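Structure file model.cif (mmCIF, C-alpha atoms) follows.
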```cif
data_data
#
loop_
_atom_site.label_atom_id
_atom_site.label_comp_id
_atom_site.auth_asym_id
_atom_site.auth_seq_id
_atom_site.Cartn_x
_atom_site.Cartn_y
_atom_site.Cartn_z
CA MET V 1 -23.47 2.73 -27.19
CA ALA V 2 -24.57 5.78 -29.08
CA ASP V 3 -22.49 7.47 -31.78
CA VAL V 4 -18.95 7.87 -30.50
CA THR V 5 -17.17 8.40 -33.77
CA ARG V 6 -16.71 12.13 -33.46
CA PRO V 7 -14.01 13.15 -30.97
CA GLY V 8 -16.21 15.77 -29.37
CA SER V 9 -19.06 13.36 -29.05
CA ARG V 10 -16.82 10.71 -27.61
CA ARG V 11 -15.66 13.12 -24.97
CA LEU V 12 -19.18 14.12 -24.14
CA VAL V 13 -20.40 10.56 -23.84
CA ARG V 14 -17.44 9.75 -21.66
CA LEU V 15 -18.23 12.70 -19.44
CA LEU V 16 -21.83 11.73 -19.22
CA LEU V 17 -21.08 8.15 -18.37
CA ILE V 18 -18.38 9.05 -15.89
CA GLY V 19 -20.86 11.34 -14.22
CA ALA V 20 -23.43 8.59 -14.14
CA LEU V 21 -21.01 6.03 -12.80
CA LEU V 22 -19.72 8.45 -10.20
CA VAL V 23 -23.19 9.00 -8.88
CA ALA V 24 -23.81 5.28 -8.83
CA GLY V 25 -20.51 4.72 -7.04
CA LEU V 26 -21.07 7.44 -4.50
CA GLN V 27 -24.33 5.87 -3.60
CA ALA V 28 -22.33 3.00 -2.16
CA GLY V 29 -23.93 0.16 -3.94
CA ARG V 30 -27.39 1.62 -4.34
CA VAL V 31 -28.23 1.19 -7.95
CA GLY V 32 -30.60 3.69 -9.34
CA VAL V 33 -30.61 7.32 -10.22
CA THR V 34 -27.71 8.35 -12.38
CA HIS V 35 -28.33 11.95 -13.27
CA ALA V 36 -26.31 12.77 -16.31
CA ARG V 37 -26.32 16.38 -15.10
CA ALA V 38 -23.54 15.35 -12.76
CA GLY V 39 -21.28 15.27 -15.77
CA VAL V 40 -22.38 18.33 -17.69
CA GLY V 41 -23.74 20.88 -15.28
CA PRO V 42 -21.95 24.19 -14.85
CA ASP V 43 -20.65 23.22 -11.43
CA SER V 44 -19.34 19.85 -12.43
CA PRO V 45 -15.65 19.17 -12.92
CA GLY V 46 -16.44 17.66 -16.26
CA ALA V 47 -17.75 20.95 -17.53
CA SER V 48 -14.64 22.92 -16.75
CA GLY V 49 -13.04 24.50 -19.75
CA GLY V 50 -16.31 24.39 -21.62
CA VAL V 51 -15.63 20.97 -23.06
CA ALA V 52 -19.15 19.73 -22.66
CA ALA V 53 -20.84 22.98 -23.63
CA GLU V 54 -18.85 23.31 -26.84
CA ASN V 55 -19.93 19.88 -27.91
CA ALA V 56 -23.46 19.87 -26.57
CA PRO V 57 -25.63 17.88 -28.96
CA PRO V 58 -29.00 19.12 -30.17
CA GLY V 59 -31.75 18.60 -27.64
CA LEU V 60 -29.50 18.04 -24.64
CA GLU V 61 -31.49 20.14 -22.20
CA GLN V 62 -34.72 18.61 -23.39
CA ALA V 63 -33.27 15.13 -22.97
CA ILE V 64 -32.06 15.83 -19.44
CA ALA V 65 -35.45 17.23 -18.45
CA ALA V 66 -37.19 14.22 -19.94
CA GLN V 67 -34.79 11.84 -18.21
CA GLU V 68 -35.40 13.44 -14.82
CA ARG V 69 -39.15 13.27 -15.26
CA ALA V 70 -38.98 9.65 -16.39
CA ASN V 71 -36.48 8.39 -13.83
CA PRO V 72 -38.98 7.25 -11.18
CA ARG V 73 -40.86 5.22 -13.77
CA LEU V 74 -37.75 3.87 -15.52
CA LEU V 75 -35.99 2.90 -12.33
CA SER V 76 -39.03 1.00 -11.10
CA ILE V 77 -38.76 -1.38 -14.04
CA ALA V 78 -37.15 -4.70 -13.11
CA GLY V 79 -33.62 -4.87 -14.44
CA VAL V 80 -33.08 -1.13 -14.93
CA VAL V 81 -30.00 -0.13 -12.92
CA GLY V 82 -29.53 3.46 -14.03
CA THR V 83 -30.14 6.12 -16.64
CA ALA V 84 -28.12 8.82 -18.31
CA VAL V 85 -28.19 11.12 -21.26
CA GLY V 86 -25.96 10.24 -24.19
CA LEU V 87 -25.87 10.57 -27.93
CA ALA V 88 -28.23 8.97 -30.38
CA GLY V 89 -27.08 7.60 -33.70
CA ASN V 90 -27.99 10.86 -35.43
CA GLY V 91 -25.80 12.91 -33.09
CA GLY V 92 -28.70 14.23 -31.04
CA ALA V 93 -29.24 13.64 -27.35
CA SER V 94 -30.87 10.44 -26.18
CA ILE V 95 -31.88 8.86 -22.89
CA LEU V 96 -29.70 5.89 -22.03
CA VAL V 97 -31.21 3.15 -19.91
CA PHE V 98 -28.70 0.87 -18.21
CA SER V 99 -29.85 -2.68 -17.79
CA ASP V 100 -28.58 -5.64 -15.81
CA GLY V 101 -29.71 -7.79 -18.72
CA ARG V 102 -33.12 -8.68 -17.36
CA VAL V 103 -35.11 -5.79 -18.77
CA ASN V 104 -38.12 -6.74 -20.86
CA LEU V 105 -37.70 -4.32 -23.74
CA GLY V 106 -41.43 -4.34 -24.20
CA HIS V 107 -41.70 -2.39 -20.96
CA LEU V 108 -39.59 0.46 -22.26
CA PRO V 109 -40.82 3.22 -24.53
CA GLY V 110 -38.93 3.96 -27.71
CA ARG V 111 -39.11 7.68 -27.01
CA ILE V 112 -39.83 9.78 -23.94
CA ASP V 113 -41.12 13.30 -24.54
CA ASP V 114 -39.88 12.88 -28.09
CA VAL V 115 -36.35 12.00 -26.93
CA PRO V 116 -35.08 8.65 -28.24
CA VAL V 117 -34.37 5.93 -25.69
CA GLU V 118 -31.47 3.50 -26.00
CA VAL V 119 -30.88 0.48 -23.80
CA GLN V 120 -27.37 -0.57 -22.78
CA VAL V 121 -26.66 -3.78 -20.92
CA THR V 122 -24.13 -2.71 -18.29
CA GLY V 123 -24.74 -5.23 -15.55
CA ARG V 124 -25.18 -3.97 -12.02
CA PHE V 125 -23.07 -1.07 -10.77
CA HIS V 126 -21.03 -1.53 -7.64
CA ALA V 127 -19.56 1.05 -5.33
CA MET V 128 -15.79 1.15 -5.71
CA LEU V 129 -15.13 0.07 -2.15
CA SER V 130 -12.13 1.33 -0.30
CA PRO V 131 -9.45 -1.24 0.52
CA GLU V 132 -10.61 -1.06 4.12
CA ALA V 133 -14.15 -1.97 3.21
CA LYS V 134 -13.00 -4.74 0.90
CA ARG V 135 -11.16 -6.35 3.75
CA GLY V 136 -14.46 -7.03 5.38
CA GLY V 137 -16.19 -5.48 8.29
CA GLY V 138 -14.95 -2.07 7.24
CA ALA V 139 -12.15 -2.17 9.79
CA SER V 140 -9.15 -0.15 8.67
CA PRO V 141 -5.74 -1.28 9.94
CA LYS V 142 -5.48 2.23 11.33
CA SER V 143 -8.43 1.75 13.65
CA ARG V 144 -8.71 0.48 17.19
CA PHE V 145 -9.33 -3.26 17.33
CA GLY V 146 -11.08 -5.26 19.97
CA ASP V 147 -9.91 -8.43 21.62
CA PRO V 148 -7.79 -10.04 20.23
CA VAL V 149 -5.95 -7.34 18.36
CA PRO V 150 -4.76 -8.62 14.97
CA ILE V 151 -1.21 -8.28 13.70
CA GLY V 152 -0.54 -5.95 10.77
CA VAL V 153 -2.37 -3.01 12.32
CA SER V 154 -1.54 0.40 13.77
CA THR V 155 0.64 0.63 16.84
CA GLY V 156 3.12 2.97 18.47
CA ASN V 157 4.85 4.21 21.58
CA ALA V 158 2.45 6.23 23.73
CA ASN V 159 5.11 8.88 24.26
CA GLU V 160 4.99 10.13 20.69
CA CYS V 161 2.37 10.93 18.09
CA SER V 162 3.21 8.29 15.54
CA ALA V 163 2.01 5.01 14.11
CA GLY V 164 3.69 1.95 12.70
CA THR V 165 2.70 -1.67 12.35
CA ILE V 166 2.54 -4.72 14.61
CA GLY V 167 4.60 -7.22 12.64
CA ALA V 168 3.84 -10.38 14.54
CA ARG V 169 3.29 -11.91 17.93
CA VAL V 170 6.39 -13.64 19.15
CA ALA V 171 7.09 -15.71 22.24
CA GLY V 172 10.06 -16.45 24.44
CA GLY V 173 10.67 -17.40 28.06
CA GLY V 174 7.00 -18.05 28.62
CA LYS V 175 6.03 -14.51 27.61
CA HIS V 176 4.32 -13.03 24.57
CA TYR V 177 5.45 -9.96 22.68
CA ALA V 178 4.43 -7.71 19.81
CA LEU V 179 7.24 -7.34 17.29
CA SER V 180 7.87 -4.09 15.42
CA ASN V 181 10.75 -1.71 14.66
CA ASN V 182 12.94 0.13 17.09
CA HIS V 183 11.87 3.31 15.32
CA VAL V 184 8.22 2.45 16.02
CA TYR V 185 8.36 1.14 19.60
CA ALA V 186 11.62 2.43 21.04
CA ARG V 187 11.78 5.93 19.60
CA GLU V 188 15.10 5.34 17.82
CA ASN V 189 16.98 4.20 20.94
CA ALA V 190 15.33 6.82 23.20
CA GLY V 191 12.71 4.49 24.66
CA SER V 192 13.02 2.72 27.99
CA PRO V 193 11.64 -0.67 29.01
CA GLY V 194 8.19 -0.31 30.46
CA GLU V 195 7.04 2.50 28.19
CA ILE V 196 3.45 2.07 27.11
CA ILE V 197 2.77 0.65 23.67
CA ALA V 198 -0.59 1.60 22.20
CA GLN V 199 -2.93 0.21 19.57
CA PRO V 200 -3.65 2.18 17.51
CA GLY V 201 -0.60 4.42 17.43
CA LEU V 202 -1.31 7.95 18.57
CA TYR V 203 -1.11 9.33 15.04
CA ASP V 204 -4.37 7.52 14.43
CA THR V 205 -6.04 8.99 17.53
CA GLN V 206 -5.35 12.66 16.85
CA CYS V 207 -2.30 12.38 19.11
CA SER V 208 -4.32 11.65 22.24
CA PHE V 209 -3.68 8.63 24.43
CA ASP V 210 -6.55 6.75 26.00
CA PRO V 211 -5.38 4.28 28.68
CA ALA V 212 -7.84 1.80 27.21
CA ASP V 213 -5.67 1.77 24.08
CA GLN V 214 -2.71 0.26 25.89
CA LEU V 215 -1.65 -2.99 24.29
CA GLY V 216 1.58 -3.67 26.15
CA ARG V 217 4.85 -2.26 27.39
CA LEU V 218 8.22 -1.92 25.74
CA ALA V 219 10.40 -4.87 26.67
CA ALA V 220 13.54 -4.64 24.55
CA SER V 221 14.99 -3.11 21.43
CA GLY V 222 17.98 -3.63 19.23
CA ARG V 223 20.15 -0.56 19.41
CA ILE V 224 20.71 1.27 16.12
CA THR V 225 24.14 2.78 15.59
CA PHE V 226 23.75 5.93 13.56
CA SER V 227 26.90 5.86 11.50
CA THR V 228 27.78 5.07 7.90
CA SER V 229 30.58 2.86 9.12
CA ALA V 230 28.31 0.83 11.40
CA SER V 231 27.17 -2.72 10.73
CA ASN V 232 23.58 -2.68 11.97
CA THR V 233 21.55 -5.77 11.22
CA ILE V 234 18.19 -5.04 12.85
CA ASP V 235 15.77 -2.19 13.45
CA ALA V 236 13.56 -4.10 15.85
CA ALA V 237 11.87 -3.93 19.22
CA ILE V 238 9.42 -6.03 21.19
CA ALA V 239 6.65 -5.06 23.56
CA GLU V 240 5.34 -7.48 26.12
CA VAL V 241 1.66 -8.26 25.64
CA ASN V 242 -0.95 -10.58 27.09
CA TYR V 243 0.47 -10.25 30.62
CA ASP V 244 -2.46 -8.43 32.13
CA THR V 245 -6.04 -9.57 31.71
CA GLY V 246 -7.10 -5.96 32.07
CA LEU V 247 -5.53 -5.17 28.70
CA ARG V 248 -6.57 -6.32 25.28
CA SER V 249 -4.73 -9.41 24.08
CA LEU V 250 -2.73 -9.64 20.86
CA GLY V 251 -3.66 -12.34 18.40
CA THR V 252 -1.59 -13.97 15.71
CA SER V 253 -3.53 -13.28 12.50
CA THR V 254 -3.94 -10.29 10.23
CA PRO V 255 -7.42 -8.81 9.84
CA PRO V 256 -9.65 -10.35 7.16
CA GLY V 257 -8.25 -9.57 3.74
CA GLY V 258 -4.67 -10.05 4.89
CA TYR V 259 -2.48 -13.11 4.49
CA GLY V 260 -3.82 -14.55 7.72
CA MET V 261 -1.58 -16.29 10.22
CA PRO V 262 2.16 -16.53 9.60
CA ARG V 263 3.87 -19.88 9.85
CA THR V 264 6.04 -20.55 12.85
CA THR V 265 8.75 -21.90 10.55
CA THR V 266 10.79 -19.14 8.99
CA ALA V 267 12.32 -19.07 5.51
CA THR V 268 15.73 -17.89 4.42
CA PRO V 269 15.55 -14.87 2.11
CA ALA V 270 16.35 -15.92 -1.44
CA LEU V 271 16.44 -14.14 -4.77
CA ASP V 272 13.24 -14.29 -6.81
CA LEU V 273 11.24 -15.39 -3.78
CA ALA V 274 7.64 -14.14 -3.90
CA VAL V 275 6.72 -12.30 -0.72
CA GLN V 276 3.88 -10.34 0.82
CA LYS V 277 3.21 -8.14 3.78
CA PHE V 278 0.24 -6.65 5.60
CA GLY V 279 0.75 -3.20 7.08
CA ARG V 280 -1.09 -0.39 8.77
CA THR V 281 -1.12 1.90 5.71
CA SER V 282 -0.98 -0.09 2.50
CA ALA V 283 -2.46 -3.31 3.93
CA LEU V 284 -1.71 -6.35 1.78
CA THR V 285 0.96 -5.89 -0.90
CA ARG V 286 3.04 -8.35 -2.85
CA GLY V 287 6.58 -8.21 -4.20
CA THR V 288 9.72 -10.16 -4.98
CA ILE V 289 13.06 -10.41 -3.24
CA THR V 290 15.54 -8.92 -5.70
CA GLY V 291 18.53 -8.27 -3.46
CA VAL V 292 20.28 -10.18 -0.69
CA ASN V 293 23.47 -9.47 1.16
CA VAL V 294 22.39 -5.85 0.95
CA THR V 295 24.49 -3.08 2.45
CA VAL V 296 22.60 0.17 2.62
CA ASN V 297 22.79 3.59 4.20
CA VAL V 298 19.42 4.36 5.70
CA ASP V 299 18.35 7.93 6.38
CA TYR V 300 16.56 8.34 9.74
CA GLY V 301 16.05 12.05 9.38
CA SER V 302 17.15 14.02 12.41
CA ALA V 303 18.51 10.88 14.09
CA GLY V 304 21.11 10.48 11.34
CA VAL V 305 22.13 7.89 8.79
CA ALA V 306 22.73 4.29 9.75
CA ARG V 307 24.45 1.64 7.70
CA PHE V 308 22.81 -1.76 7.65
CA VAL V 309 24.43 -4.92 6.37
CA ASN V 310 23.12 -8.33 5.33
CA GLN V 311 19.71 -6.94 4.49
CA VAL V 312 17.05 -7.93 1.96
CA THR V 313 15.58 -5.85 -0.87
CA VAL V 314 12.00 -6.33 -2.01
CA THR V 315 10.74 -4.69 -5.18
CA SER V 316 7.31 -4.46 -6.71
CA ALA V 317 5.66 -2.77 -9.65
CA GLY V 318 3.67 -0.50 -7.34
CA PRO V 319 4.42 0.74 -3.84
CA PHE V 320 5.17 -2.16 -1.53
CA ILE V 321 5.41 -0.08 1.61
CA LYS V 322 4.23 3.34 2.70
CA PRO V 323 4.75 5.48 5.79
CA GLY V 324 3.10 3.70 8.69
CA ASP V 325 3.93 0.22 7.39
CA SER V 326 7.12 0.22 9.48
CA GLY V 327 7.42 -3.03 11.37
CA SER V 328 5.40 -5.15 8.97
CA LEU V 329 6.35 -8.80 8.81
CA LEU V 330 7.57 -9.98 5.42
CA VAL V 331 6.30 -13.48 4.66
CA THR V 332 6.53 -15.78 1.67
CA ASP V 333 3.72 -15.79 -0.82
CA PRO V 334 1.67 -17.93 -0.61
CA ASP V 335 3.25 -20.06 2.15
CA ARG V 336 3.31 -17.31 4.83
CA LYS V 337 6.73 -18.23 6.16
CA PRO V 338 8.35 -15.22 7.86
CA VAL V 339 11.44 -13.99 6.03
CA GLY V 340 11.97 -10.45 7.24
CA LEU V 341 10.99 -7.38 9.21
CA LEU V 342 10.38 -4.35 6.99
CA PHE V 343 11.85 -1.07 8.12
CA ALA V 344 13.11 1.06 5.21
CA GLY V 345 12.56 1.84 1.58
CA SER V 346 12.60 4.31 -1.23
CA SER V 347 10.26 7.26 -1.30
CA SER V 348 8.28 5.60 -4.09
CA GLY V 349 7.79 2.52 -1.90
CA LYS V 350 8.83 0.30 -4.79
CA TYR V 351 12.07 -0.63 -3.05
CA ALA V 352 11.69 -1.95 0.46
CA ILE V 353 14.42 -3.03 2.84
CA ALA V 354 13.91 -5.74 5.45
CA ASN V 355 15.99 -7.23 8.21
CA PRO V 356 16.22 -10.99 7.69
CA ILE V 357 13.93 -12.44 10.31
CA GLY V 358 16.54 -14.85 11.72
CA PRO V 359 18.76 -12.24 13.39
CA VAL V 360 15.67 -10.37 14.64
CA LEU V 361 14.32 -13.40 16.46
CA GLN V 362 17.77 -14.38 17.71
CA ALA V 363 18.34 -10.92 19.16
CA PHE V 364 15.38 -11.31 21.49
CA GLY V 365 15.41 -15.08 21.93
CA VAL V 366 11.89 -15.42 20.57
CA THR V 367 9.99 -17.36 17.95
CA ILE V 368 7.10 -16.41 15.70
CA GLU V 369 3.70 -17.44 16.98
CA GLY V 370 1.37 -18.67 14.31
CA GLU V 371 0.43 -21.72 12.37
CA MET Q 1 30.10 -16.14 -11.86
CA THR Q 2 28.89 -17.67 -8.63
CA ALA Q 3 26.93 -16.02 -5.86
CA ASP Q 4 29.87 -16.51 -3.52
CA ALA Q 5 32.16 -14.71 -5.94
CA ILE Q 6 29.75 -11.77 -6.11
CA ASP Q 7 29.50 -11.67 -2.34
CA ASP Q 8 33.28 -11.72 -2.11
CA VAL Q 9 33.62 -8.74 -4.43
CA LEU Q 10 30.89 -6.86 -2.57
CA ARG Q 11 32.61 -7.51 0.71
CA LYS Q 12 35.78 -5.97 -0.66
CA ARG Q 13 34.29 -3.15 -2.69
CA THR Q 14 31.16 -1.96 -0.90
CA ASP Q 15 32.93 0.63 1.24
CA GLU Q 16 34.45 2.11 -1.86
CA LEU Q 17 31.11 2.14 -3.66
CA LEU Q 18 29.25 3.71 -0.76
CA ALA Q 19 31.87 6.42 -0.58
CA LEU Q 20 30.68 7.63 -3.99
CA ALA Q 21 28.22 10.49 -3.71
CA GLY Q 22 24.78 9.25 -4.72
CA VAL Q 23 25.34 5.56 -3.98
CA THR Q 24 22.92 4.34 -1.30
CA GLY Q 25 23.52 0.62 -1.23
CA THR Q 26 24.78 -2.57 -2.76
CA ALA Q 27 23.34 -6.04 -3.02
CA ARG Q 28 23.62 -9.36 -4.73
CA GLY Q 29 20.86 -9.87 -7.21
CA LEU Q 30 20.13 -11.50 -10.51
CA CYS Q 31 20.90 -10.08 -13.94
CA SER Q 32 19.18 -12.04 -16.69
CA GLY Q 33 18.88 -14.91 -14.24
CA ALA Q 34 22.55 -14.99 -13.25
CA PRO Q 35 24.13 -13.70 -10.04
CA CYS Q 36 25.36 -10.15 -10.27
CA ALA Q 37 26.08 -7.12 -8.12
CA LYS Q 38 23.46 -4.43 -7.74
CA VAL Q 39 24.34 -0.87 -6.93
CA TYR Q 40 21.55 1.35 -5.65
CA VAL Q 41 21.88 5.02 -6.48
CA VAL Q 42 19.81 8.11 -5.86
CA GLN Q 43 20.14 9.07 -9.51
CA ALA Q 44 22.26 7.51 -12.22
CA THR Q 45 24.63 9.82 -14.05
CA PRO Q 46 27.25 8.96 -16.67
CA GLU Q 47 29.98 10.01 -14.29
CA LEU Q 48 28.65 7.83 -11.49
CA GLU Q 49 28.23 4.90 -13.86
CA ARG Q 50 31.86 5.24 -14.96
CA SER Q 51 33.03 5.34 -11.36
CA ILE Q 52 31.01 2.25 -10.45
CA ALA Q 53 32.23 0.41 -13.54
CA GLY Q 54 35.78 1.18 -12.54
CA ILE Q 55 35.25 -0.37 -9.11
CA LEU Q 56 33.26 -3.40 -10.27
CA ALA Q 57 35.22 -4.15 -13.43
CA SER Q 58 35.54 -7.83 -12.58
CA VAL Q 59 31.88 -8.70 -12.02
CA PRO Q 60 28.57 -8.26 -13.81
CA PHE Q 61 26.55 -5.50 -12.21
CA GLU Q 62 23.46 -3.39 -12.60
CA ILE Q 63 22.79 0.09 -11.37
CA GLU Q 64 19.32 0.68 -9.98
CA GLU Q 65 17.88 4.12 -9.40
CA THR Q 66 16.12 3.84 -6.07
CA GLY Q 67 16.17 7.41 -4.85
CA ASP Q 68 17.05 7.93 -1.20
CA ILE Q 69 16.60 4.96 1.10
CA ARG Q 70 14.92 6.05 4.29
CA ALA Q 71 13.64 4.33 7.38
CA VAL Q 72 9.99 3.87 6.48
CA PRO Q 73 8.62 6.81 8.39
CA ARG Q 74 6.28 6.10 11.14
CA GLU Q 75 3.25 8.14 10.34
CA ASP Q 76 4.02 10.88 12.73
CA SER Q 77 3.43 14.48 13.48
CA LYS Q 78 7.03 15.35 12.75
CA ALA Q 79 7.54 14.05 9.26
CA ARG Q 80 11.08 13.16 8.35
#
```
What is this file in structure tokens?
Amino acid sequence: MADVTRPGSRRLVRLLLIGALLVAGLQAGRVGVTHARAGVGPDSPGASGGVAAENAPPGLEQAIAAQERANPRLLSIAGVVGTAVGLAGNGGASILVFSDGRVNLGHLPGRIDDVPVEVQVTGRFHAMLSPEAKRGGGASPKSRFGDPVPIGVSTGNANECSAGTIGARVAGGGKHYALSNNHVYARENAGSPGEIIAQPGLYDTQCSFDPADQLGRLAASGRITFSTSASNTIDAAIAEVNYDTGLRSLGTSTPPGGYGMPRTTTATPALDLAVQKFGRTSALTRGTITGVNVTVNVDYGSAGVARFVNQVTVTSAGPFIKPGDSGSLLVTDPDRKPVGLLFAGSSSGKYAIANPIGPVLQAFGVTIEGE
Amino acid sequence: MTADAIDDVLRKRTDELLALAGVTGTARGLCSGAPCAKVYVVQATPELERSIAGILASVPFEIEETGDIRAVPREDSKAR
């Protein structure tokens, strides 16, 4: 890299390179033009406060003009993945040529329009893909899925504009169900059996319900007692699915990029157990069980506060759950054995509370469908 | 101290702990690898710590600042 020993110069080079990388990133994987102007122009965020202007090296404008003129030729050279304007060893402006390592230096001029040229081996630039895109196929868990609908994606009661997560497909009595929270499917005790359950939840469809989005119908929910002297153990509900060939069916795996298919054999929550979940908002996250035999007062907003007992706490360095992840299945990492149903947490998302999966399944007389 | 002993103390003392303003929950966890009681609080204060220590004098415990514990909101048009 060019001279970065002076603080002002270091800041300028950083701005220039950030600008270049931003342009490369925004081009979604297209390597090529990286106009340094993106980092130093008067309209650019990097120029605010006059940082770049105050430290502008000699010949900057000339270098930018030369770079722009030379770009078509430079970027046609095999192995050149971008260009920018930076600082030469003497503190003046130079044209930087980014290489993937294959550039034949003999094909590059030492100066362009009297501006020195420096080559930096950066490798190829890649767009910083969104988590959705990284999961493959570009399908966000918030989107509508075709047949079969995966678990771990957006769902909700069609009578309200909301969205939570399909935790798992469960089975009992010869029927199949989608498992989620009471506060996702049963509107905090207000729902009635038969109410339509949608995928995605209406929050993800601008609050409009399309009959084609029906996934199932509310079958049962565990009642939540809103009291700080209560002993709730589950915030759970099930919706019957796969009963009508006219509706989409529910599958048993997460979308690509998730943990896949849960095991049918559950695990007992234990301290220090590594766990993971896949949810509608934060997709795949990992944490550790750090609390068992948890008693906690959970705030449900206008519905009130409900005490839960015998719960499980999961913690993680970053957010483990976010709004919309309600109803995610907690499974062991990497074995994928179900251990809990997530339903509450701290505002930071670093503390998550789950119902142990055993009482959830027992309440409805169902078992997890999976591997 | 065993896990069962911690659970026993929590069974007896949790109501008292949750009656303290700012305490949101209790749990059994691990402190330096050994079983201990955990007390979740919105915000730790010296006064609250003294009160908790008075209730859990017989067992090892840790206080964890979790903030409020809320039902993970559905994403919805009427935010909690």
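By only C-alpha atoms, and with residues fewer than 3 positions from V:Leu329 along its chain excluded, the set lying at most 7 Å from it is Gly167, Ala168, Lys277, Pro338, Gly340, Leu341 and Leu342 of chain V.
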- Task: Report as a count of residues only the set of chain V residues whose atoms approach chain Q to within 6 Å, with distances computed over all atoms listed in the file.
- Result: 24
Report as a PDB file with C-alpha atoms, in the coordinates of the input all protein, DNA and RNA residues lying within 7 Å of stretch 247-251 of chain V, evaluated on only C-alpha atoms, omitting residues in the same chain fewer than 6 positions from it.
```
ATOM      1  CA  ASP V 147      -9.910  -8.430  21.620  1.00  0.00           C
ATOM      2  CA  PRO V 148      -7.790 -10.040  20.230  1.00  0.00           C
ATOM      3  CA  VAL V 149      -5.950  -7.340  18.360  1.00  0.00           C
ATOM      4  CA  PRO V 150      -4.760  -8.620  14.970  1.00  0.00           C
ATOM      5  CA  ILE V 151      -1.210  -8.280  13.700  1.00  0.00           C
ATOM      6  CA  ARG V 169       3.290 -11.910  17.930  1.00  0.00           C
ATOM      7  CA  GLN V 214      -2.710   0.260  25.890  1.00  0.00           C
ATOM      8  CA  LEU V 215      -1.650  -2.990  24.290  1.00  0.00           C
ATOM      9  CA  VAL V 241       1.660  -8.260  25.640  1.00  0.00           C
TER      10      VAL V 241
END
```
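Here atom CA of V:Val97 is placed at a distance of 8.6 Å from atom CA of V:Val85.
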- Message: List the spatial neighbours of V:His176 as number ranges by chain - criterion: any atom at most 12 Å away, all atoms listed in the file, same-chain residues fewer than 3 positions off excluded.
- Response: V: 168-173, 179, 215-219, 238-244, 249-252, 364-369
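Note that the spacing between atom CA of V:Ser140 and atom CA of V:Gln199 amounts to 12.6 Å.
Nearest to Q:Glu49 of all the residues Q:Ala34, Q:Val9, Q:Ala21, Q:Ala3 is Q:Ala21, based on only C-alpha atoms.
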- Query: Between atom CA of Q:Met1 and atom CA of V:Ile289, what is the distance, to one decimal in Å?
  - Reply: 19.9 Å
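With distances taken over all atoms listed in the file, Q:Leu20 is the one residue among Q:Asp4, Q:Ser32, Q:Leu20, Q:Ile63 lying closest to Q:Ser51.
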Determine the residue membership of the PyMOL selection byres ((chain V and resi 200) around 9) for the file above and supply it as a tab-separated table (two decimals) with C-alpha atoms, in the frame of the given file.
```
chain	number	residue	atom	x	y	z
V	141	PRO	CA	-5.74	-1.28	9.94
V	142	LYS	CA	-5.48	2.23	11.33
V	143	SER	CA	-8.43	1.75	13.65
V	144	ARG	CA	-8.71	0.48	17.19
V	145	PHE	CA	-9.33	-3.26	17.33
V	153	VAL	CA	-2.37	-3.01	12.32
V	154	SER	CA	-1.54	0.40	13.77
V	155	THR	CA	0.64	0.63	16.84
V	156	GLY	CA	3.12	2.97	18.47
V	163	ALA	CA	2.01	5.01	14.11
V	164	GLY	CA	3.69	1.95	12.70
V	198	ALA	CA	-0.59	1.60	22.20
V	199	GLN	CA	-2.93	0.21	19.57
V	201	GLY	CA	-0.60	4.42	17.43
V	202	LEU	CA	-1.31	7.95	18.57
V	203	TYR	CA	-1.11	9.33	15.04
V	204	ASP	CA	-4.37	7.52	14.43
V	205	THR	CA	-6.04	8.99	17.53
V	213	ASP	CA	-5.67	1.77	24.08
V	214	GLN	CA	-2.71	0.26	25.89
V	215	LEU	CA	-1.65	-2.99	24.29
```
